[in-house]
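Below is query-v7.cif, which holds mmCIF, C-alpha atoms and all ligand atoms.
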data_input
#
loop_
_atom_site.label_atom_id
_atom_site.label_comp_id
_atom_site.auth_asym_id
_atom_site.auth_seq_id
_atom_site.Cartn_x
_atom_site.Cartn_y
_atom_site.Cartn_z
CA MET A 1 0.00 0.00 0.00
CA HIS A 2 1.36 3.40 -0.96
CA PRO A 3 0.50 6.32 1.34
CA ARG A 4 -2.15 8.58 -0.13
CA PRO A 5 -0.58 11.64 -1.84
CA PRO A 6 -1.34 14.90 -0.01
CA THR A 7 -4.19 17.04 -1.29
CA VAL A 8 -3.08 20.01 -3.38
CA LEU A 9 -5.55 22.83 -2.89
CA SER A 10 -6.41 25.43 -5.50
CA LEU A 11 -5.27 28.96 -4.64
CA ALA A 12 -8.82 29.89 -3.70
CA GLU A 13 -9.13 26.89 -1.37
CA LEU A 14 -5.72 27.53 0.18
CA HIS A 15 -6.58 31.20 0.66
CA ASP A 16 -9.65 30.23 2.67
CA TRP A 17 -7.85 27.52 4.63
CA LEU A 18 -5.05 29.92 5.61
CA LEU A 19 -7.54 32.55 6.74
CA GLU A 20 -9.29 29.99 8.90
CA HIS A 21 -6.19 28.38 10.43
CA HIS A 22 -3.49 31.11 10.31
CA GLY A 23 -5.58 34.24 10.66
CA ASP A 24 -3.20 35.51 13.36
CA THR A 25 -0.59 36.41 10.70
CA VAL A 26 -2.30 36.37 7.28
CA ASP A 27 -5.46 38.19 6.24
CA THR A 28 -7.62 39.19 3.29
CA ASP A 29 -5.35 42.15 2.45
CA ARG A 30 -1.96 40.47 2.85
CA LEU A 31 -2.67 37.34 0.80
CA PRO A 32 -3.70 39.12 -2.43
CA ALA A 33 -1.01 41.79 -2.02
CA ILE A 34 1.74 39.18 -1.77
CA ARG A 35 0.16 37.18 -4.60
CA THR A 36 0.40 40.21 -6.88
CA GLU A 37 4.10 40.66 -6.09
CA ILE A 38 4.87 37.00 -6.83
CA GLU A 39 2.85 37.04 -10.08
CA HIS A 40 4.78 40.11 -11.25
CA LEU A 41 8.07 38.25 -10.95
CA ALA A 42 6.93 35.97 -13.75
CA THR A 43 5.42 38.64 -15.99
CA ARG A 44 8.42 40.96 -15.56
CA GLN A 45 10.91 38.09 -15.77
CA VAL A 46 12.85 39.06 -12.68
CA SER A 47 15.39 36.37 -11.80
CA GLY A 48 16.42 35.45 -8.27
CA ALA A 49 15.11 33.82 -5.11
CA VAL A 50 12.16 34.62 -2.87
CA VAL A 51 12.97 35.24 0.80
CA GLU A 52 10.83 35.72 3.88
CA LEU A 53 12.44 37.30 6.93
CA GLY A 54 10.30 36.37 9.90
CA CYS A 55 8.37 33.28 8.74
CA TYR A 56 6.83 32.13 12.06
CA GLN A 57 4.86 28.92 11.28
CA GLY A 58 5.27 29.23 7.52
CA ALA A 59 1.77 30.35 6.49
CA MET A 60 2.91 33.07 4.08
CA ALA A 61 5.78 30.91 2.83
CA LEU A 62 3.23 28.24 1.88
CA TRP A 63 1.09 30.85 0.12
CA MET A 64 4.09 32.18 -1.80
CA ARG A 65 5.04 28.62 -2.83
CA ALA A 66 1.50 27.95 -4.05
CA VAL A 67 1.43 31.19 -6.06
CA LEU A 68 4.86 30.45 -7.55
CA ASP A 69 3.67 26.99 -8.59
CA ALA A 70 0.41 28.35 -10.00
CA THR A 71 2.33 30.80 -12.18
CA GLY A 72 4.84 28.29 -13.58
CA GLN A 73 7.65 29.39 -11.25
CA HIS A 74 8.26 25.89 -9.87
CA ARG A 75 12.02 26.30 -9.95
CA ARG A 76 12.13 29.58 -8.07
CA HIS A 77 13.37 28.80 -4.58
CA ILE A 78 12.13 30.19 -1.26
CA HIS A 79 14.41 30.79 1.73
CA VAL A 80 12.88 31.58 5.12
CA TYR A 81 14.55 33.03 8.20
CA ASP A 82 13.40 33.12 11.79
CA SER A 83 14.86 32.93 15.27
CA PHE A 84 12.34 30.19 16.08
CA GLN A 85 12.62 31.71 19.54
CA GLY A 86 9.95 34.29 18.88
CA LEU A 87 10.47 38.03 19.02
CA PRO A 88 13.67 39.37 20.60
CA GLU A 89 13.64 41.90 23.44
CA ARG A 90 12.05 45.08 22.12
CA GLY A 91 14.31 48.07 21.55
CA MET A 92 13.89 51.74 22.53
CA LYS A 93 11.93 52.45 19.34
CA ASP A 94 9.45 49.61 19.75
CA PRO A 95 6.22 49.74 21.74
CA ASP A 96 5.52 47.71 24.83
CA LEU A 97 3.13 45.41 23.01
CA PHE A 98 4.63 41.91 23.11
CA GLU A 99 6.81 39.90 25.48
CA ALA A 100 10.17 38.61 24.20
CA GLY A 101 9.54 35.09 22.92
CA TYR A 102 6.05 35.91 21.62
CA LEU A 103 5.40 34.23 18.24
CA ARG A 104 7.73 31.34 18.93
CA ALA A 105 7.44 28.59 16.33
CA GLU A 106 9.38 25.49 15.30
CA PRO A 107 11.00 24.76 11.92
CA GLU A 108 9.09 21.46 11.95
CA GLN A 109 5.80 23.41 11.81
CA VAL A 110 6.95 25.07 8.59
CA LEU A 111 7.88 21.68 7.12
CA ALA A 112 4.66 20.00 8.28
CA LEU A 113 2.52 22.75 6.78
CA HIS A 114 4.13 22.34 3.36
CA ASP A 115 3.99 18.57 3.64
CA ARG A 116 0.31 18.65 4.53
CA TRP A 117 -0.57 20.49 1.35
CA GLY A 118 1.92 18.73 -0.94
CA ARG A 119 4.23 21.68 -1.54
CA THR A 120 8.02 21.83 -1.78
CA PRO A 121 9.27 23.23 1.53
CA PRO A 122 11.46 26.32 1.67
CA THR A 123 15.06 26.23 2.85
CA ILE A 124 14.83 27.13 6.53
CA HIS A 125 17.54 29.27 8.16
CA PRO A 126 17.00 29.26 11.95
CA GLY A 127 18.70 31.95 14.02
CA TRP A 128 18.70 35.68 14.73
CA PHE A 129 18.76 37.80 11.57
CA ALA A 130 22.05 39.44 12.55
CA ASP A 131 23.70 35.99 12.62
CA THR A 132 22.10 34.31 9.61
CA LEU A 133 21.47 36.99 6.99
CA PRO A 134 25.03 38.17 6.23
CA ASP A 135 26.16 34.72 5.08
CA GLN A 136 22.96 32.82 4.33
CA LEU A 137 20.95 35.10 2.06
CA PRO A 138 20.98 34.22 -1.64
CA ASP A 139 23.18 36.51 -3.77
CA ARG A 140 20.24 37.58 -5.92
CA ILE A 141 16.80 38.27 -4.45
CA ALA A 142 13.78 38.75 -6.70
CA PHE A 143 11.26 39.22 -3.89
CA ALA A 144 11.73 39.78 -0.16
CA TYR A 145 9.01 39.88 2.48
CA LEU A 146 10.22 41.56 5.68
CA ASP A 147 8.00 40.73 8.65
CA GLY A 148 10.25 41.11 11.70
CA ASP A 149 8.08 43.59 13.64
CA TYR A 150 10.85 45.56 15.39
CA TYR A 151 13.21 48.43 14.54
CA ASP A 152 16.46 46.45 14.86
CA SER A 153 15.06 43.43 13.05
CA ILE A 154 13.87 45.48 10.08
CA HIS A 155 17.06 47.57 9.92
CA THR A 156 19.16 44.38 9.89
CA CYS A 157 16.96 42.92 7.13
CA LEU A 158 17.20 46.03 4.94
CA THR A 159 20.97 46.22 5.38
CA ALA A 160 21.34 42.62 4.24
CA CYS A 161 18.69 42.50 1.50
CA ILE A 162 18.84 45.79 -0.39
CA PRO A 163 22.34 45.26 -1.88
CA ARG A 164 21.25 41.81 -3.07
CA MET A 165 18.01 42.85 -4.81
CA ALA A 166 17.76 41.93 -8.50
CA PRO A 167 16.98 44.91 -10.77
CA GLY A 168 13.19 45.23 -10.87
CA GLY A 169 12.88 42.99 -7.82
CA THR A 170 10.60 44.07 -4.99
CA LEU A 171 10.71 44.04 -1.21
CA ILE A 172 7.65 44.39 1.00
CA VAL A 173 7.98 45.74 4.54
CA ASP A 174 5.07 44.58 6.67
CA ASP A 175 3.79 46.98 9.35
CA TYR A 176 5.17 50.01 7.49
CA ALA A 177 2.49 52.51 8.50
CA ASP A 178 2.70 55.79 6.58
CA LEU A 179 -0.37 57.52 7.94
CA GLU A 180 -0.10 60.46 5.55
CA ALA A 181 -0.33 58.13 2.57
CA ASN A 182 -2.77 55.72 4.22
CA PRO A 183 -4.60 56.98 7.32
CA LYS A 184 -6.25 53.55 7.75
CA ALA A 185 -2.92 51.72 8.22
CA TRP A 186 -2.35 49.91 11.53
CA ASN A 187 0.37 51.84 13.34
CA GLY A 188 1.09 49.42 16.16
CA LEU A 189 4.78 48.92 15.37
CA PRO A 190 6.19 52.37 14.55
CA GLY A 191 9.79 51.13 14.85
CA VAL A 192 9.34 49.46 11.46
CA LYS A 193 8.87 52.74 9.55
CA GLU A 194 11.58 54.39 11.61
CA ALA A 195 14.03 51.66 10.62
CA CYS A 196 13.16 52.27 6.97
CA GLU A 197 13.66 56.02 7.38
CA ASP A 198 17.01 55.53 9.08
CA TYR A 199 18.15 53.07 6.43
CA PHE A 200 16.96 54.98 3.34
CA ARG A 201 16.68 58.52 4.82
CA VAL A 202 13.47 60.60 4.54
CA PRO A 203 11.54 60.44 2.29
CA THR A 204 11.94 56.70 1.87
CA PRO A 205 11.56 55.22 -1.61
CA LEU A 206 8.85 52.90 -0.27
CA GLN A 207 5.52 53.00 -2.06
CA VAL A 208 2.55 52.49 0.22
CA ILE A 209 0.23 49.60 -0.64
CA THR A 210 -3.31 49.88 0.69
CA GLY A 211 -5.98 47.25 1.25
CA ALA A 212 -9.63 47.14 2.22
CA GLY A 213 -8.70 47.08 5.92
CA ASP A 214 -5.81 48.46 7.96
CA LEU A 215 -2.99 46.99 5.85
CA ALA A 216 0.37 48.65 6.54
CA PHE A 217 2.66 47.63 3.67
CA GLY A 218 5.54 49.50 2.03
CA ARG A 219 7.06 48.34 -1.26
CA TYR A 220 10.61 49.00 -2.43
CA THR A 221 11.41 48.34 -6.08
CA ALA A 222 15.08 47.84 -6.93
CA PRO A 223 16.18 50.17 -9.73
CA ALA A 224 17.73 48.96 -12.95
CA PRO A 225 21.52 49.51 -13.03
CA GLY A 226 22.45 53.12 -13.81
CA THR A 227 19.03 54.58 -12.96
CA GLU A 228 18.30 56.92 -10.07
CA GLN A 229 15.57 56.29 -7.46
C1 LIG A 301 4.73 38.43 12.60
S1 LIG A 301 5.75 37.03 12.73
C2 LIG A 301 5.95 36.53 11.05
C3 LIG A 301 4.69 36.00 10.40
C4 LIG A 301 4.89 35.38 9.04
N1 LIG A 301 5.56 36.30 8.14
C5 LIG A 301 3.58 34.99 8.40
O1 LIG A 301 3.07 35.74 7.56
O2 LIG A 301 3.04 33.95 8.75
C6 LIG A 301 7.32 37.75 13.10
C7 LIG A 301 8.45 36.73 13.20
O3 LIG A 301 9.69 37.43 13.14
C8 LIG A 301 10.64 36.72 13.92
N2 LIG A 301 11.70 37.68 14.26
C9 LIG A 301 11.56 38.96 14.67
N3 LIG A 301 12.75 39.54 14.86
C10 LIG A 301 13.70 38.59 14.56
C11 LIG A 301 15.12 38.60 14.53
N4 LIG A 301 15.83 39.68 14.87
N5 LIG A 301 15.76 37.47 14.13
C12 LIG A 301 15.04 36.36 13.78
N6 LIG A 301 13.68 36.31 13.79
C13 LIG A 301 13.02 37.41 14.17
C14 LIG A 301 9.85 36.19 15.10
O4 LIG A 301 10.43 35.04 15.65
C15 LIG A 301 8.46 35.91 14.48
O5 LIG A 301 8.30 34.55 14.16
#
Represent the structure from my file as structure tokens, please.
Ligand SMILES: C[S@@+](CC[C@H](N)C(=O)[O-])C[C@H]1O[C@@H](n2cnc3c(N)ncnc32)[C@H](O)[C@@H]1O
Amino acid sequence: MHPRPPTVLSLAELHDWLLEHHGDTVDTDRLPAIRTEIEHLATRQVSGAVVELGCYQGAMALWMRAVLDATGQHRRHIHVYDSFQGLPERGMKDPDLFEAGYLRAEPEQVLALHDRWGRTPPTIHPGWFADTLPDQLPDRIAFAYLDGDYYDSIHTCLTACIPRMAPGGTLIVDDYADLEANPKAWNGLPGVKEACEDYFRVPTPLQVITGAGDLAFGRYTAPAPGTEQ
């Protein structure tokens, strides 16, 4: 007897399943916004890997894998990074919202989630960003999703990712709340925008992406060589 192959859900089915079972980190604004970014990689023929910095239990990584597969990008690899010890101690620029260790997950949860739905798992890089990113990021990044919540975490991610972005590649910073551009954005983690402003200087080159709810997303697009931002 061979074991039964895992069910492969359609994108619509997976969307609904993720909302039901991982609604703490993904929602009806984030899923389509990330889908659009991944689809653009194929239409714009941007080469390079997909990375997620702060993957928690792997819900968005699974979604990105499913969208890559649905758009013929089976060979594009995903790398995910997380302490798997939850959030670090907050810094001076972060609010007193979460305890250190909040959002702790295990790499096995990421693997099990992909296994359950018959998807190729990402390469998992456990450890603090400051330790893993300098040596373990791919040389060429087509899409990066930064979801590290805190000032230091986001600043470390930008420092490591931006020089590796493929021309035309994009990077989304979650929790980037620019209230002038989007007054509805959730502004619970103001250290995220501050890290972007300190890294890029003001005004940042991030373009605000809005959703139906309180989505706080900023998008950086890597310029083609020889062009100015
Ligand atoms: C909001 S959760 C990520 C949710 C995930 N992107 C998703 O959509 O399902 C934030 C994650 O960032 C990780 N994290 C934050 N700062 C970190 C750091 N400096 N190094 C490693 N991981 C970090 C935490 O462990 C946590 O799992």
Write out as a count of residues only each polymer residue (protein, DNA or RNA) that has an atom no more than 8 Å from ligand LIG 301 (chain A), with all atoms listed in the file counted. 42
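Of the listed residues A:Asn187, A:Gln45, A:Thr123, A:Asn182, the one whose atoms come nearest to Thr210 (chain A) is A:Asn182, with distances taken using only C-alpha atoms.
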Separation of CA of Ala70 (chain A) and CA of Ala144 (chain A), in Å? 18.9 Å
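As for CA of Thr71 (chain A) and CA of Thr170 (chain A), they are spaced 17.2 Å apart.
Going from CA of Cys157 (chain A) over to CA of Ile34 (chain A), you cover 18.0 Å.
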Pick out the closest residue to Leu62 (chain A) from this set: A:Ser10, A:Thr120, A:Thr159, A:Thr132. Count only C-alpha atoms. A:Thr120
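Minimum distance to Pro107 (chain A) across A:Ile162, A:Val51, A:Met92, A:Ile124 (counting only C-alpha atoms) occurs at A:Ile124.
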Nearest to Val46 (chain A), chosen from A:Leu171, A:Leu19, A:Ala160, A:Ala166, with all atoms listed in the file counted in the distances: A:Ala166
Got a minute to add N, CA and C atoms to region 100-114 of chain A and dump it as a PDB file, in the frame of the given file?
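Listed below is the output, out_39.pdb:
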ATOM      1  N   ALA A 100       9.142  39.360  24.947  1.00  0.00           N
ATOM      2  CA  ALA A 100      10.170  38.610  24.200  1.00  0.00           C
ATOM      3  C   ALA A 100       9.757  37.143  24.189  1.00  0.00           C
ATOM      4  N   GLY A 101       9.924  36.506  23.041  1.00  0.00           N
ATOM      5  CA  GLY A 101       9.540  35.090  22.920  1.00  0.00           C
ATOM      6  C   GLY A 101       8.151  34.891  22.346  1.00  0.00           C
ATOM      7  N   TYR A 102       7.384  36.006  22.247  1.00  0.00           N
ATOM      8  CA  TYR A 102       6.050  35.910  21.620  1.00  0.00           C
ATOM      9  C   TYR A 102       6.231  35.533  20.154  1.00  0.00           C
ATOM     10  N   LEU A 103       5.357  34.736  19.620  1.00  0.00           N
ATOM     11  CA  LEU A 103       5.400  34.230  18.240  1.00  0.00           C
ATOM     12  C   LEU A 103       6.510  33.196  18.050  1.00  0.00           C
ATOM     13  N   ARG A 104       6.736  32.415  19.064  1.00  0.00           N
ATOM     14  CA  ARG A 104       7.730  31.340  18.930  1.00  0.00           C
ATOM     15  C   ARG A 104       7.127  30.205  18.093  1.00  0.00           C
ATOM     16  N   ALA A 105       7.887  29.721  17.141  1.00  0.00           N
ATOM     17  CA  ALA A 105       7.440  28.590  16.330  1.00  0.00           C
ATOM     18  C   ALA A 105       8.598  27.602  16.204  1.00  0.00           C
ATOM     19  N   GLU A 106       8.346  26.500  15.514  1.00  0.00           N
ATOM     20  CA  GLU A 106       9.380  25.490  15.300  1.00  0.00           C
ATOM     21  C   GLU A 106       9.558  25.291  13.797  1.00  0.00           C
ATOM     22  N   PRO A 107      10.795  25.041  13.346  1.00  0.00           N
ATOM     23  CA  PRO A 107      11.000  24.760  11.920  1.00  0.00           C
ATOM     24  C   PRO A 107      10.129  23.589  11.447  1.00  0.00           C
ATOM     25  N   GLU A 108       9.892  22.630  12.338  1.00  0.00           N
ATOM     26  CA  GLU A 108       9.090  21.460  11.950  1.00  0.00           C
ATOM     27  C   GLU A 108       7.660  21.863  11.582  1.00  0.00           C
ATOM     28  N   GLN A 109       7.158  22.959  12.177  1.00  0.00           N
ATOM     29  CA  GLN A 109       5.800  23.410  11.810  1.00  0.00           C
ATOM     30  C   GLN A 109       5.775  23.914  10.364  1.00  0.00           C
ATOM     31  N   VAL A 110       6.860  24.569   9.970  1.00  0.00           N
ATOM     32  CA  VAL A 110       6.950  25.070   8.590  1.00  0.00           C
ATOM     33  C   VAL A 110       6.967  23.872   7.630  1.00  0.00           C
ATOM     34  N   LEU A 111       7.775  22.874   7.976  1.00  0.00           N
ATOM     35  CA  LEU A 111       7.880  21.680   7.120  1.00  0.00           C
ATOM     36  C   LEU A 111       6.558  20.930   7.067  1.00  0.00           C
ATOM     37  N   ALA A 112       5.915  20.770   8.221  1.00  0.00           N
ATOM     38  CA  ALA A 112       4.660  20.000   8.280  1.00  0.00           C
ATOM     39  C   ALA A 112       3.553  20.685   7.482  1.00  0.00           C
ATOM     40  N   LEU A 113       3.552  22.007   7.516  1.00  0.00           N
ATOM     41  CA  LEU A 113       2.520  22.750   6.780  1.00  0.00           C
ATOM     42  C   LEU A 113       2.662  22.530   5.271  1.00  0.00           C
ATOM     43  N   HIS A 114       3.898  22.574   4.792  1.00  0.00           N
ATOM     44  CA  HIS A 114       4.130  22.340   3.360  1.00  0.00           C
ATOM     45  C   HIS A 114       3.840  20.898   2.993  1.00  0.00           C
TER      46      HIS A 114
END
